[in-house]
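Raw data-v5.cif, mmCIF, C-alpha atoms; chains and numbers go by the auth columns:
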data_structure
#
loop_
_atom_site.group_PDB
_atom_site.id
_atom_site.type_symbol
_atom_site.label_atom_id
_atom_site.label_comp_id
_atom_site.label_asym_id
_atom_site.label_seq_id
_atom_site.Cartn_x
_atom_site.Cartn_y
_atom_site.Cartn_z
_atom_site.B_iso_or_equiv
_atom_site.auth_seq_id
_atom_site.auth_asym_id
ATOM 1 C CA MET A 1 38.053 77.963 -7.764 0.00 1 A
ATOM 2 C CA ALA A 2 37.703 74.174 -7.820 0.00 2 A
ATOM 3 C CA THR A 3 40.668 72.072 -7.043 0.00 3 A
ATOM 4 C CA PRO A 4 41.385 69.469 -9.740 0.00 4 A
ATOM 5 C CA VAL A 5 40.951 65.873 -8.630 0.00 5 A
ATOM 6 C CA THR A 6 44.157 63.933 -8.896 0.00 6 A
ATOM 7 C CA GLY A 7 44.225 60.283 -9.929 0.00 7 A
ATOM 8 C CA GLU A 8 45.652 59.125 -6.588 0.00 8 A
ATOM 9 C CA ALA A 9 42.453 58.859 -4.455 0.00 9 A
ATOM 10 C CA ALA A 10 40.390 56.634 -6.801 0.00 10 A
ATOM 11 C CA PRO A 11 42.691 53.585 -6.742 0.00 11 A
ATOM 12 C CA LYS A 12 42.552 53.571 -2.922 0.00 12 A
ATOM 13 C CA VAL A 13 38.753 53.545 -2.993 0.00 13 A
ATOM 14 C CA HIS A 14 38.709 50.680 -5.518 0.00 14 A
ATOM 15 C CA ARG A 15 41.212 48.703 -3.472 0.00 15 A
ATOM 16 C CA ARG A 16 38.990 48.963 -0.404 0.00 16 A
ATOM 17 C CA ARG A 17 35.966 47.838 -2.399 0.00 17 A
ATOM 18 C CA PHE A 18 37.810 44.838 -3.833 0.00 18 A
ATOM 19 C CA ALA A 19 39.059 43.979 -0.357 0.00 19 A
ATOM 20 C CA VAL A 20 35.489 43.952 0.946 0.00 20 A
ATOM 21 C CA LEU A 21 34.360 41.852 -2.037 0.00 21 A
ATOM 22 C CA TYR A 22 37.133 39.303 -1.591 0.00 22 A
ATOM 23 C CA GLY A 23 36.364 39.129 2.112 0.00 23 A
ATOM 24 C CA GLY A 24 32.716 38.395 1.310 0.00 24 A
ATOM 25 C CA LEU A 25 33.691 35.631 -1.120 0.00 25 A
ATOM 26 C CA VAL A 26 35.943 34.023 1.493 0.00 26 A
ATOM 27 C CA VAL A 27 33.090 34.040 4.026 0.00 27 A
ATOM 28 C CA LEU A 28 30.681 32.522 1.495 0.00 28 A
ATOM 29 C CA LEU A 29 33.246 29.882 0.520 0.00 29 A
ATOM 30 C CA ALA A 30 33.813 28.952 4.157 0.00 30 A
ATOM 31 C CA ALA A 31 30.055 28.731 4.743 0.00 31 A
ATOM 32 C CA GLY A 32 29.646 26.524 1.646 0.00 32 A
ATOM 33 C CA VAL A 33 32.358 24.140 2.875 0.00 33 A
ATOM 34 C CA ALA A 34 30.734 23.953 6.319 0.00 34 A
ATOM 35 C CA VAL A 35 27.325 23.166 4.801 0.00 35 A
ATOM 36 C CA GLY A 36 28.860 20.514 2.548 0.00 36 A
ATOM 37 C CA ILE A 37 30.594 18.822 5.482 0.00 37 A
ATOM 38 C CA HIS A 38 27.358 18.902 7.488 0.00 38 A
ATOM 39 C CA MET A 39 25.383 17.328 4.632 0.00 39 A
ATOM 40 C CA MET A 40 27.953 14.547 4.265 0.00 40 A
ATOM 41 C CA THR A 41 28.328 13.787 7.961 0.00 41 A
ATOM 42 C CA ARG A 42 24.797 14.376 9.284 0.00 42 A
ATOM 43 C CA THR A 43 22.733 11.475 10.610 0.00 43 A
ATOM 44 C CA VAL A 44 19.494 11.071 8.653 0.00 44 A
ATOM 45 C CA VAL A 45 16.700 9.892 10.957 0.00 45 A
ATOM 46 C CA LYS A 46 14.229 7.824 8.954 0.00 46 A
ATOM 47 C CA PRO A 47 10.657 7.465 10.256 0.00 47 A
ATOM 48 C CA VAL A 48 9.908 4.117 11.847 0.00 48 A
ATOM 49 C CA PRO A 49 7.731 2.051 9.452 0.00 49 A
ATOM 50 C CA TRP A 50 4.239 1.190 10.655 0.00 50 A
ATOM 51 C CA SER A 51 4.954 -2.493 10.029 0.00 51 A
ATOM 52 C CA ALA A 52 7.814 -4.549 8.630 0.00 52 A
ATOM 53 C CA TRP A 53 5.539 -5.850 5.857 0.00 53 A
ATOM 54 C CA VAL A 54 3.402 -3.861 3.413 0.00 54 A
ATOM 55 C CA PRO A 55 0.825 -5.377 1.021 0.00 55 A
ATOM 56 C CA PRO A 56 2.244 -5.116 -2.535 0.00 56 A
ATOM 57 C CA SER A 57 -1.095 -4.261 -4.156 0.00 57 A
ATOM 58 C CA THR A 58 -3.059 -1.020 -3.874 0.00 58 A
ATOM 59 C CA ASN A 59 -6.229 -2.709 -5.158 0.00 59 A
ATOM 60 C CA PRO A 60 -8.513 -3.109 -2.092 0.00 60 A
ATOM 61 C CA GLU A 61 -9.695 -6.688 -2.739 0.00 61 A
ATOM 62 C CA THR A 62 -6.214 -7.885 -3.691 0.00 62 A
ATOM 63 C CA ALA A 63 -4.652 -6.169 -0.680 0.00 63 A
ATOM 64 C CA VAL A 64 -7.145 -7.889 1.653 0.00 64 A
ATOM 65 C CA ARG A 65 -6.164 -11.303 0.248 0.00 65 A
ATOM 66 C CA GLU A 66 -2.475 -10.415 0.579 0.00 66 A
ATOM 67 C CA ILE A 67 -2.980 -9.394 4.207 0.00 67 A
ATOM 68 C CA ALA A 68 -4.725 -12.721 4.875 0.00 68 A
ATOM 69 C CA GLY A 69 -1.868 -14.696 3.339 0.00 69 A
ATOM 70 C CA HIS A 70 0.800 -12.743 5.184 0.00 70 A
ATOM 71 C CA VAL A 71 -0.770 -13.055 8.633 0.00 71 A
ATOM 72 C CA GLN A 72 -1.468 -16.758 8.016 0.00 72 A
ATOM 73 C CA GLY A 73 2.231 -17.389 7.466 0.00 73 A
ATOM 74 C CA THR A 74 3.400 -15.654 10.640 0.00 74 A
ATOM 75 C CA TYR A 75 1.474 -17.763 13.184 0.00 75 A
ATOM 76 C CA LEU A 76 2.722 -21.303 13.652 0.00 76 A
ATOM 77 C CA GLY A 77 1.655 -24.151 15.880 0.00 77 A
ATOM 78 C CA PRO A 78 4.010 -26.221 18.075 0.00 78 A
ATOM 79 C CA ASN A 79 4.677 -28.500 15.102 0.00 79 A
ATOM 80 C CA GLY A 80 6.055 -25.587 13.085 0.00 80 A
ATOM 81 C CA LYS A 81 3.144 -25.612 10.637 0.00 81 A
ATOM 82 C CA GLU A 82 0.703 -22.762 10.053 0.00 82 A
ATOM 83 C CA LEU A 83 -1.833 -22.605 12.861 0.00 83 A
ATOM 84 C CA VAL A 84 -4.828 -21.809 10.636 0.00 84 A
ATOM 85 C CA THR A 85 -5.759 -20.986 7.077 0.00 85 A
ATOM 86 C CA VAL A 86 -6.902 -17.383 6.614 0.00 86 A
ATOM 87 C CA ARG A 87 -9.339 -16.363 3.884 0.00 87 A
ATOM 88 C CA GLY A 88 -10.130 -12.725 3.211 0.00 88 A
ATOM 89 C CA GLY A 89 -12.695 -10.960 1.032 0.00 89 A
ATOM 90 C CA PRO A 90 -15.921 -8.926 0.974 0.00 90 A
ATOM 91 C CA LEU A 91 -18.445 -9.637 3.722 0.00 91 A
ATOM 92 C CA SER A 92 -20.812 -12.261 2.337 0.00 92 A
ATOM 93 C CA VAL A 93 -22.768 -15.417 3.047 0.00 93 A
ATOM 94 C CA GLY A 94 -21.966 -17.819 0.284 0.00 94 A
ATOM 95 C CA SER A 95 -22.387 -15.812 -2.904 0.00 95 A
ATOM 96 C CA ASP A 96 -24.793 -13.331 -1.297 0.00 96 A
ATOM 97 C CA PRO A 97 -23.597 -9.969 0.029 0.00 97 A
ATOM 98 C CA ALA A 98 -24.115 -9.407 3.747 0.00 98 A
ATOM 99 C CA VAL A 99 -24.416 -6.501 6.122 0.00 99 A
ATOM 100 C CA LEU A 100 -23.048 -6.341 9.629 0.00 100 A
ATOM 101 C CA VAL A 101 -25.335 -5.465 12.543 0.00 101 A
ATOM 102 C CA LYS A 102 -25.204 -5.681 16.309 0.00 102 A
ATOM 103 C CA PRO A 103 -27.827 -5.306 19.045 0.00 103 A
ATOM 104 C CA ASP A 104 -28.447 -1.738 20.122 0.00 104 A
ATOM 105 C CA THR A 105 -31.537 -0.895 22.185 0.00 105 A
ATOM 106 C CA THR A 106 -31.221 2.792 21.289 0.00 106 A
ATOM 107 C CA ALA A 107 -31.344 2.131 17.527 0.00 107 A
ATOM 108 C CA THR A 108 -34.388 1.697 15.330 0.00 108 A
ATOM 109 C CA GLY A 109 -35.436 -1.955 15.375 0.00 109 A
ATOM 110 C CA GLY A 110 -32.994 -2.688 18.187 0.00 110 A
ATOM 111 C CA TYR A 111 -29.992 -3.120 15.874 0.00 111 A
ATOM 112 C CA LYS A 112 -27.121 -0.932 14.775 0.00 112 A
ATOM 113 C CA PHE A 113 -26.022 -1.255 11.150 0.00 113 A
ATOM 114 C CA PHE A 114 -22.350 -0.799 10.394 0.00 114 A
ATOM 115 C CA ASP A 115 -21.981 1.823 7.673 0.00 115 A
ATOM 116 C CA GLY A 116 -19.420 1.664 4.888 0.00 116 A
ATOM 117 C CA ALA A 117 -17.556 -1.138 3.159 0.00 117 A
ATOM 118 C CA SER A 118 -16.999 -4.273 5.257 0.00 118 A
ATOM 119 C CA VAL A 119 -14.631 -7.183 4.765 0.00 119 A
ATOM 120 C CA GLU A 120 -14.415 -10.509 6.502 0.00 120 A
ATOM 121 C CA TYR A 121 -11.609 -12.873 7.308 0.00 121 A
ATOM 122 C CA GLN A 122 -12.164 -16.494 8.262 0.00 122 A
ATOM 123 C CA LEU A 123 -9.669 -18.408 10.376 0.00 123 A
ATOM 124 C CA CYS A 124 -9.971 -22.105 9.703 0.00 124 A
ATOM 125 C CA GLY A 125 -8.105 -24.731 11.740 0.00 125 A
ATOM 126 C CA ASN A 126 -6.144 -27.229 9.680 0.00 126 A
ATOM 127 C CA THR A 127 -8.000 -30.361 10.757 0.00 127 A
ATOM 128 C CA THR A 128 -9.191 -33.283 8.692 0.00 128 A
ATOM 129 C CA LYS A 129 -12.772 -32.922 9.994 0.00 129 A
ATOM 130 C CA GLY A 130 -13.527 -29.977 7.719 0.00 130 A
ATOM 131 C CA ASN A 131 -15.231 -27.885 10.412 0.00 131 A
ATOM 132 C CA CYS A 132 -12.461 -25.287 10.911 0.00 132 A
ATOM 133 C CA THR A 133 -11.865 -26.287 14.537 0.00 133 A
ATOM 134 C CA ILE A 134 -8.375 -26.452 16.003 0.00 134 A
ATOM 135 C CA ASP A 135 -7.184 -29.837 17.226 0.00 135 A
ATOM 136 C CA GLN A 136 -6.887 -29.642 21.032 0.00 136 A
ATOM 137 C CA LYS A 137 -4.470 -32.554 21.032 0.00 137 A
ATOM 138 C CA LYS A 138 -1.939 -30.565 18.998 0.00 138 A
ATOM 139 C CA ILE A 139 -2.219 -27.231 20.791 0.00 139 A
ATOM 140 C CA ALA A 140 -3.795 -26.208 24.112 0.00 140 A
ATOM 141 C CA PRO A 141 -7.075 -24.260 23.852 0.00 141 A
ATOM 142 C CA ASN A 142 -5.707 -21.345 25.900 0.00 142 A
ATOM 143 C CA THR A 143 -2.777 -20.989 23.531 0.00 143 A
ATOM 144 C CA SER A 144 -4.767 -21.370 20.315 0.00 144 A
ATOM 145 C CA GLY A 145 -7.470 -19.039 21.623 0.00 145 A
ATOM 146 C CA ALA A 146 -4.925 -16.321 22.407 0.00 146 A
ATOM 147 C CA LEU A 147 -3.151 -16.709 19.081 0.00 147 A
ATOM 148 C CA THR A 148 -6.304 -16.593 16.964 0.00 148 A
ATOM 149 C CA ARG A 149 -7.570 -13.530 18.841 0.00 149 A
ATOM 150 C CA ARG A 150 -4.228 -11.821 18.252 0.00 150 A
ATOM 151 C CA MET A 151 -4.351 -12.794 14.575 0.00 151 A
ATOM 152 C CA ALA A 152 -7.849 -11.339 14.246 0.00 152 A
ATOM 153 C CA TYR A 153 -6.827 -8.038 15.828 0.00 153 A
ATOM 154 C CA GLU A 154 -3.719 -7.849 13.628 0.00 154 A
ATOM 155 C CA LEU A 155 -5.827 -8.509 10.523 0.00 155 A
ATOM 156 C CA ALA A 156 -8.224 -5.692 11.432 0.00 156 A
ATOM 157 C CA LEU A 157 -5.546 -3.105 12.235 0.00 157 A
ATOM 158 C CA THR A 158 -3.474 -3.940 9.151 0.00 158 A
ATOM 159 C CA THR A 159 -6.556 -3.673 6.952 0.00 159 A
ATOM 160 C CA PHE A 160 -7.522 -0.284 8.353 0.00 160 A
ATOM 161 C CA HIS A 161 -3.990 1.062 7.896 0.00 161 A
ATOM 162 C CA TYR A 162 -3.363 -0.150 4.352 0.00 162 A
ATOM 163 C CA VAL A 163 -6.863 -0.354 2.849 0.00 163 A
ATOM 164 C CA PRO A 164 -8.529 3.026 3.478 0.00 164 A
ATOM 165 C CA GLU A 165 -11.702 1.999 1.633 0.00 165 A
ATOM 166 C CA VAL A 166 -12.597 -0.522 4.364 0.00 166 A
ATOM 167 C CA GLN A 167 -14.649 0.789 7.290 0.00 167 A
ATOM 168 C CA ASN A 168 -15.457 -2.459 9.145 0.00 168 A
ATOM 169 C CA VAL A 169 -13.693 -5.779 9.651 0.00 169 A
ATOM 170 C CA ALA A 170 -15.268 -9.025 10.856 0.00 170 A
ATOM 171 C CA VAL A 171 -13.014 -11.979 11.635 0.00 171 A
ATOM 172 C CA LEU A 172 -14.654 -15.390 12.070 0.00 172 A
ATOM 173 C CA LEU A 173 -12.786 -17.272 14.780 0.00 173 A
ATOM 174 C CA PRO A 174 -12.360 -21.056 14.849 0.00 174 A
ATOM 175 C CA ALA A 175 -13.634 -23.130 17.746 0.00 175 A
ATOM 176 C CA VAL A 176 -10.801 -23.998 20.126 0.00 176 A
ATOM 177 C CA ILE A 177 -12.905 -26.276 22.368 0.00 177 A
ATOM 178 C CA LYS A 178 -15.610 -28.754 21.471 0.00 178 A
ATOM 179 C CA GLY A 179 -19.112 -27.277 21.246 0.00 179 A
ATOM 180 C CA GLN A 180 -17.950 -23.668 21.379 0.00 180 A
ATOM 181 C CA LYS A 181 -20.438 -21.178 19.898 0.00 181 A
ATOM 182 C CA ALA A 182 -19.541 -19.341 16.710 0.00 182 A
ATOM 183 C CA ARG A 183 -17.555 -16.213 17.524 0.00 183 A
ATOM 184 C CA MET A 184 -16.099 -13.342 15.588 0.00 184 A
ATOM 185 C CA LEU A 185 -14.036 -10.263 16.258 0.00 185 A
ATOM 186 C CA VAL A 186 -15.784 -7.144 14.950 0.00 186 A
ATOM 187 C CA LEU A 187 -14.032 -3.810 14.689 0.00 187 A
ATOM 188 C CA SER A 188 -15.080 -0.558 13.037 0.00 188 A
ATOM 189 C CA ARG A 189 -12.615 2.067 11.866 0.00 189 A
ATOM 190 C CA GLY A 190 -14.451 4.688 13.900 0.00 190 A
ATOM 191 C CA ASP A 191 -13.986 2.636 17.090 0.00 191 A
ATOM 192 C CA THR A 192 -10.209 2.653 17.004 0.00 192 A
ATOM 193 C CA LYS A 193 -7.417 5.120 16.309 0.00 193 A
ATOM 194 C CA ASP A 194 -4.649 4.140 13.932 0.00 194 A
ATOM 195 C CA PRO A 195 -1.770 3.178 16.254 0.00 195 A
ATOM 196 C CA LYS A 196 1.728 4.548 15.677 0.00 196 A
ATOM 197 C CA SER A 197 2.863 1.064 14.737 0.00 197 A
ATOM 198 C CA LEU A 198 1.481 -2.462 14.596 0.00 198 A
ATOM 199 C CA GLU A 199 4.043 -3.652 17.131 0.00 199 A
ATOM 200 C CA ALA A 200 2.874 -1.036 19.627 0.00 200 A
ATOM 201 C CA ALA A 201 -0.760 -2.084 19.234 0.00 201 A
ATOM 202 C CA ILE A 202 -0.650 -5.852 19.697 0.00 202 A
ATOM 203 C CA VAL A 203 0.540 -7.699 22.797 0.00 203 A
ATOM 204 C CA PRO A 204 4.095 -8.898 22.123 0.00 204 A
ATOM 205 C CA ILE A 205 4.922 -12.591 22.353 0.00 205 A
ATOM 206 C CA ARG A 206 8.366 -13.015 23.862 0.00 206 A
ATOM 207 C CA GLU A 207 8.732 -16.788 23.551 0.00 207 A
ATOM 208 C CA LYS A 208 11.065 -17.920 20.764 0.00 208 A
ATOM 209 C CA ASN A 209 8.564 -20.524 19.561 0.00 209 A
ATOM 210 C CA GLY A 210 5.858 -17.896 19.090 0.00 210 A
ATOM 211 C CA GLN A 211 3.620 -19.384 21.775 0.00 211 A
ATOM 212 C CA PRO A 212 2.339 -16.895 24.380 0.00 212 A
ATOM 213 C CA ASN A 213 2.904 -17.611 28.051 0.00 213 A
ATOM 214 C CA SER A 214 -0.010 -17.408 30.485 0.00 214 A
ATOM 215 C CA GLU A 215 0.564 -13.722 31.251 0.00 215 A
ATOM 216 C CA GLU A 216 0.684 -12.784 27.558 0.00 216 A
ATOM 217 C CA ALA A 217 -2.406 -14.889 26.802 0.00 217 A
ATOM 218 C CA LEU A 218 -4.306 -13.074 29.547 0.00 218 A
ATOM 219 C CA LYS A 219 -3.297 -9.669 28.142 0.00 219 A
ATOM 220 C CA ILE A 220 -4.394 -10.706 24.644 0.00 220 A
ATOM 221 C CA ALA A 221 -7.772 -11.867 25.961 0.00 221 A
ATOM 222 C CA SER A 222 -8.270 -8.666 27.946 0.00 222 A
ATOM 223 C CA ALA A 223 -7.387 -6.453 24.959 0.00 223 A
ATOM 224 C CA THR A 224 -9.732 -8.225 22.546 0.00 224 A
ATOM 225 C CA ASP A 225 -12.695 -9.095 24.822 0.00 225 A
ATOM 226 C CA PRO A 226 -14.693 -5.932 23.902 0.00 226 A
ATOM 227 C CA MET A 227 -14.418 -6.893 20.213 0.00 227 A
ATOM 228 C CA ILE A 228 -15.541 -10.531 20.470 0.00 228 A
ATOM 229 C CA PHE A 229 -19.182 -11.447 19.747 0.00 229 A
ATOM 230 C CA HIS A 230 -21.250 -14.582 19.297 0.00 230 A
ATOM 231 C CA TYR A 231 -23.000 -14.338 15.960 0.00 231 A
ATOM 232 C CA GLU A 232 -25.700 -15.808 13.798 0.00 232 A
ATOM 233 C CA VAL A 233 -26.666 -15.454 10.158 0.00 233 A
ATOM 234 C CA THR A 234 -30.230 -14.425 9.320 0.00 234 A
ATOM 235 C CA ALA A 235 -32.080 -13.560 6.117 0.00 235 A
ATOM 236 C CA SER A 236 -33.037 -9.947 5.556 0.00 236 A
ATOM 237 C CA LEU A 237 -36.366 -8.791 4.122 0.00 237 A
ATOM 238 C CA GLY A 238 -34.733 -8.045 0.795 0.00 238 A
ATOM 239 C CA GLY A 239 -33.605 -11.626 0.344 0.00 239 A
ATOM 240 C CA THR A 240 -29.948 -10.911 1.060 0.00 240 A
ATOM 241 C CA LYS A 241 -28.188 -12.173 4.154 0.00 241 A
ATOM 242 C CA SER A 242 -27.514 -10.146 7.229 0.00 242 A
ATOM 243 C CA SER A 243 -24.907 -11.113 9.793 0.00 243 A
ATOM 244 C CA GLY A 244 -26.192 -10.319 13.253 0.00 244 A
ATOM 245 C CA SER A 245 -23.804 -10.284 16.187 0.00 245 A
ATOM 246 C CA THR A 246 -24.651 -10.591 19.843 0.00 246 A
ATOM 247 C CA GLY A 247 -22.389 -9.923 22.767 0.00 247 A
#

In structure tokens, write the structure found in this file.
Amino acid sequence: MATPVTGEAAPKVHRRRFAVLYGGLVVLLAAGVAVGIHMMTRTVVKPVPWSAWVPPSTNPETAVREIAGHVQGTYLGPNGKELVTVRGGPLSVGSDPAVLVKPDTTATGGYKFFDGASVEYQLCGNTTKGNCTIDQKKIAPNTSGALTRRMAYELALTTFHYVPEVQNVAVLLPAVIKGQKARMLVLSRGDTKDPKSLEAAIVPIREKNGQPNSEEALKIASATDPMIFHYEVTASLGGTKSSGSTG
């Protein structure tokens, strides 16, 4: 014969269940408070920017001109004025488009053609002679040579980082001594890896006046020597101009 169930056991079971439920809510509440405190007090580590300045425009041609103007304004001569004027745009000779080549005995015709879109920057010394040279009386050739090389390298790296359409950069360098042959820094995207930051890639200048000392100038020259070429402009068979560079 079954024994009737009294009403005394059920309330005990329910009390235990509610106790477990309340205990769970307390644990969840404590965890929520801990997470909230962590979110409010945690230190957010922001990634280090590649450079302190970023071109405002995403249009390739506009960005190249903005890069030219920015770099121009950051290099000053001993008189506090801009060392050179920097012009940036598509690689061309006058109004004619140009292609960039360099000697290569293993290539067809003895020249290697740089593939992809190319841009050029021209560094022009602010002299009254109109020949883009830098006045040796105002700044020593060693100093101006180091600064313009550093400018050229900075222009190339900044272009590669912020203008992904560009594959090659040619920077026409001004003469820093009388009778110096035409030179340019040539760099292809495939020849260099994007550095973690611009500051880590270029030789720092420690002097407050922005003029490199002899040790810094030597490091700049050593870093950029493989990229510097003498160049000449020749006409191609198609009637357009081709910029040929020689080491």

Please evaluate the PyMOL selection byres ((chain A and resi 178) around 12) against the structure above and give the resulting residues as a CSV table (one decimal) with C-alpha atoms, keeping the file's coordinate frame.
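result.csv, written as the output of this step:
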chain,number,residue,atom,x,y,z
A,131,ASN,CA,-15.2,-27.9,10.4
A,132,CYS,CA,-12.5,-25.3,10.9
A,133,THR,CA,-11.9,-26.3,14.5
A,134,ILE,CA,-8.4,-26.5,16.0
A,135,ASP,CA,-7.2,-29.8,17.2
A,136,GLN,CA,-6.9,-29.6,21.0
A,137,LYS,CA,-4.5,-32.6,21.0
A,141,PRO,CA,-7.1,-24.3,23.9
A,174,PRO,CA,-12.4,-21.1,14.8
A,175,ALA,CA,-13.6,-23.1,17.7
A,176,VAL,CA,-10.8,-24.0,20.1
A,177,ILE,CA,-12.9,-26.3,22.4
A,179,GLY,CA,-19.1,-27.3,21.2
A,180,GLN,CA,-18.0,-23.7,21.4
A,181,LYS,CA,-20.4,-21.2,19.9
A,182,ALA,CA,-19.5,-19.3,16.7

Picked residues, the PyMOL selection byres ((chain A and resi 219) around 12), as a PDB file with C-alpha atoms, keeping the file's coordinate frame:
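Generated file (result-v7.pdb):
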ATOM      1  CA  ALA A 146      -4.925 -16.321  22.407  1.00  0.00           C
ATOM      2  CA  LEU A 147      -3.151 -16.709  19.081  1.00  0.00           C
ATOM      3  CA  ARG A 149      -7.570 -13.530  18.841  1.00  0.00           C
ATOM      4  CA  ARG A 150      -4.228 -11.821  18.252  1.00  0.00           C
ATOM      5  CA  ALA A 201      -0.760  -2.084  19.234  1.00  0.00           C
ATOM      6  CA  ILE A 202      -0.650  -5.852  19.697  1.00  0.00           C
ATOM      7  CA  VAL A 203       0.540  -7.699  22.797  1.00  0.00           C
ATOM      8  CA  PRO A 204       4.095  -8.898  22.123  1.00  0.00           C
ATOM      9  CA  ILE A 205       4.922 -12.591  22.353  1.00  0.00           C
ATOM     10  CA  PRO A 212       2.339 -16.895  24.380  1.00  0.00           C
ATOM     11  CA  ASN A 213       2.904 -17.611  28.051  1.00  0.00           C
ATOM     12  CA  SER A 214      -0.010 -17.408  30.485  1.00  0.00           C
ATOM     13  CA  GLU A 215       0.564 -13.722  31.251  1.00  0.00           C
ATOM     14  CA  GLU A 216       0.684 -12.784  27.558  1.00  0.00           C
ATOM     15  CA  ALA A 217      -2.406 -14.889  26.802  1.00  0.00           C
ATOM     16  CA  LEU A 218      -4.306 -13.074  29.547  1.00  0.00           C
ATOM     17  CA  ILE A 220      -4.394 -10.706  24.644  1.00  0.00           C
ATOM     18  CA  ALA A 221      -7.772 -11.867  25.961  1.00  0.00           C
ATOM     19  CA  SER A 222      -8.270  -8.666  27.946  1.00  0.00           C
ATOM     20  CA  ALA A 223      -7.387  -6.453  24.959  1.00  0.00           C
ATOM     21  CA  THR A 224      -9.732  -8.225  22.546  1.00  0.00           C
ATOM     22  CA  ASP A 225     -12.695  -9.095  24.822  1.00  0.00           C
TER      23      ASP A 225
END

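The residues that lie within 7 Å of the point (-2.5, -13.2, 4.7), counting all atoms listed in the file, are Arg65, Glu66, Ile67, Ala68, Gly69, His70, Val71, Gln72, Gly73 and Val86 of chain A.
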
How about saving the chosen residues, C-alpha atoms kept, as a compact mmCIF listing (two decimals), in the frame of the given file?
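Result went into again-v6.txt, see below:
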# COMPACT_ATOMS: atom_id res chain seq x y z
CA ARG A 65 -6.16 -11.30 0.25
CA GLU A 66 -2.48 -10.42 0.58
CA ILE A 67 -2.98 -9.39 4.21
CA ALA A 68 -4.72 -12.72 4.88
CA GLY A 69 -1.87 -14.70 3.34
CA HIS A 70 0.80 -12.74 5.18
CA VAL A 71 -0.77 -13.06 8.63
CA GLN A 72 -1.47 -16.76 8.02
CA GLY A 73 2.23 -17.39 7.47
CA VAL A 86 -6.90 -17.38 6.61

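For the atom pair formed by CA of Val101 (chain A) and CA of Leu173 (chain A), the distance is 17.4 Å, given to one decimal.
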
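Shortest separation to Lys81 (chain A) among A:Gln122, A:Ala170, A:Val186, A:Ile139 occurs at residue A:Ile139, atoms counted being only C-alpha atoms.
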
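For the pair CA of Phe160 (chain A) and CA of Val93 (chain A), the interatomic distance is 22.1 Å.
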
Original post:
With all atoms listed in the file as the atoms that count, which of A:Gly80, A:Glu61, A:Pro97, A:Met227 lies nearest to Asp191 (chain A)?
Top reply: A:Met227

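Residues matching the PyMOL selection byres ((chain A and resi 46-52) around 10) in this structure come to Thr43, Val44, Val45, Trp53, Val54, Thr158, His161, Tyr162, Asp194, Pro195, Lys196, Ser197, Leu198, Glu199 and Ala200 of chain A.
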
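For the choices A:Leu187, A:Cys124, A:Ser57, A:Leu91, the atom-to-atom distance to Glu154 (chain A) is smallest for A:Leu187 when using all atoms listed in the file.
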
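Nearest residue to Ala117 (chain A) among A:Asn79, A:Thr143, A:Thr58, A:Asn168 is A:Asn168, counting all atoms listed in the file.
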
Subject >> Test item: residues at most 8 Å from Leu83 (chain A), all atoms listed in the file, excluding those fewer than 3 positions along its chain, as a PyMOL selection string >> reply: chain A and resi 72+75-77+125-126

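The shortest atom-to-atom distance to Arg189 (chain A), with all atoms listed in the file taken into account, belongs to A:Pro164 out of A:Pro164, A:Gly94, A:Gly210, A:Pro55.
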
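If you look at CA of Val171 (chain A) and CA of Met184 (chain A), they are 5.2 Å away from each other.
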
Give one line per residue of region 95-154 of chain A that approaches region 230-233 of chain A to at most 10 Å, naming the two atoms of the closest pair and their distance in Å to one decimal, counting only C-alpha atoms; sort by chain then ascending residue number and deliver it as JSON lines.
{"residue": "A:Ala98", "atom": "CA", "partner": "A:Val233", "partner_atom": "CA", "distance": 9.2}
{"residue": "A:Leu100", "atom": "CA", "partner": "A:Val233", "partner_atom": "CA", "distance": 9.8}
{"residue": "A:Val101", "atom": "CA", "partner": "A:Tyr231", "partner_atom": "CA", "distance": 9.8}
{"residue": "A:Lys102", "atom": "CA", "partner": "A:Tyr231", "partner_atom": "CA", "distance": 8.9}

Subject >> Shortest interatomic distance to Asn59 (chain A) - which of A:Ser144, A:Glu165, A:Thr74, A:Val119, counting only C-alpha atoms >> reply: A:Glu165
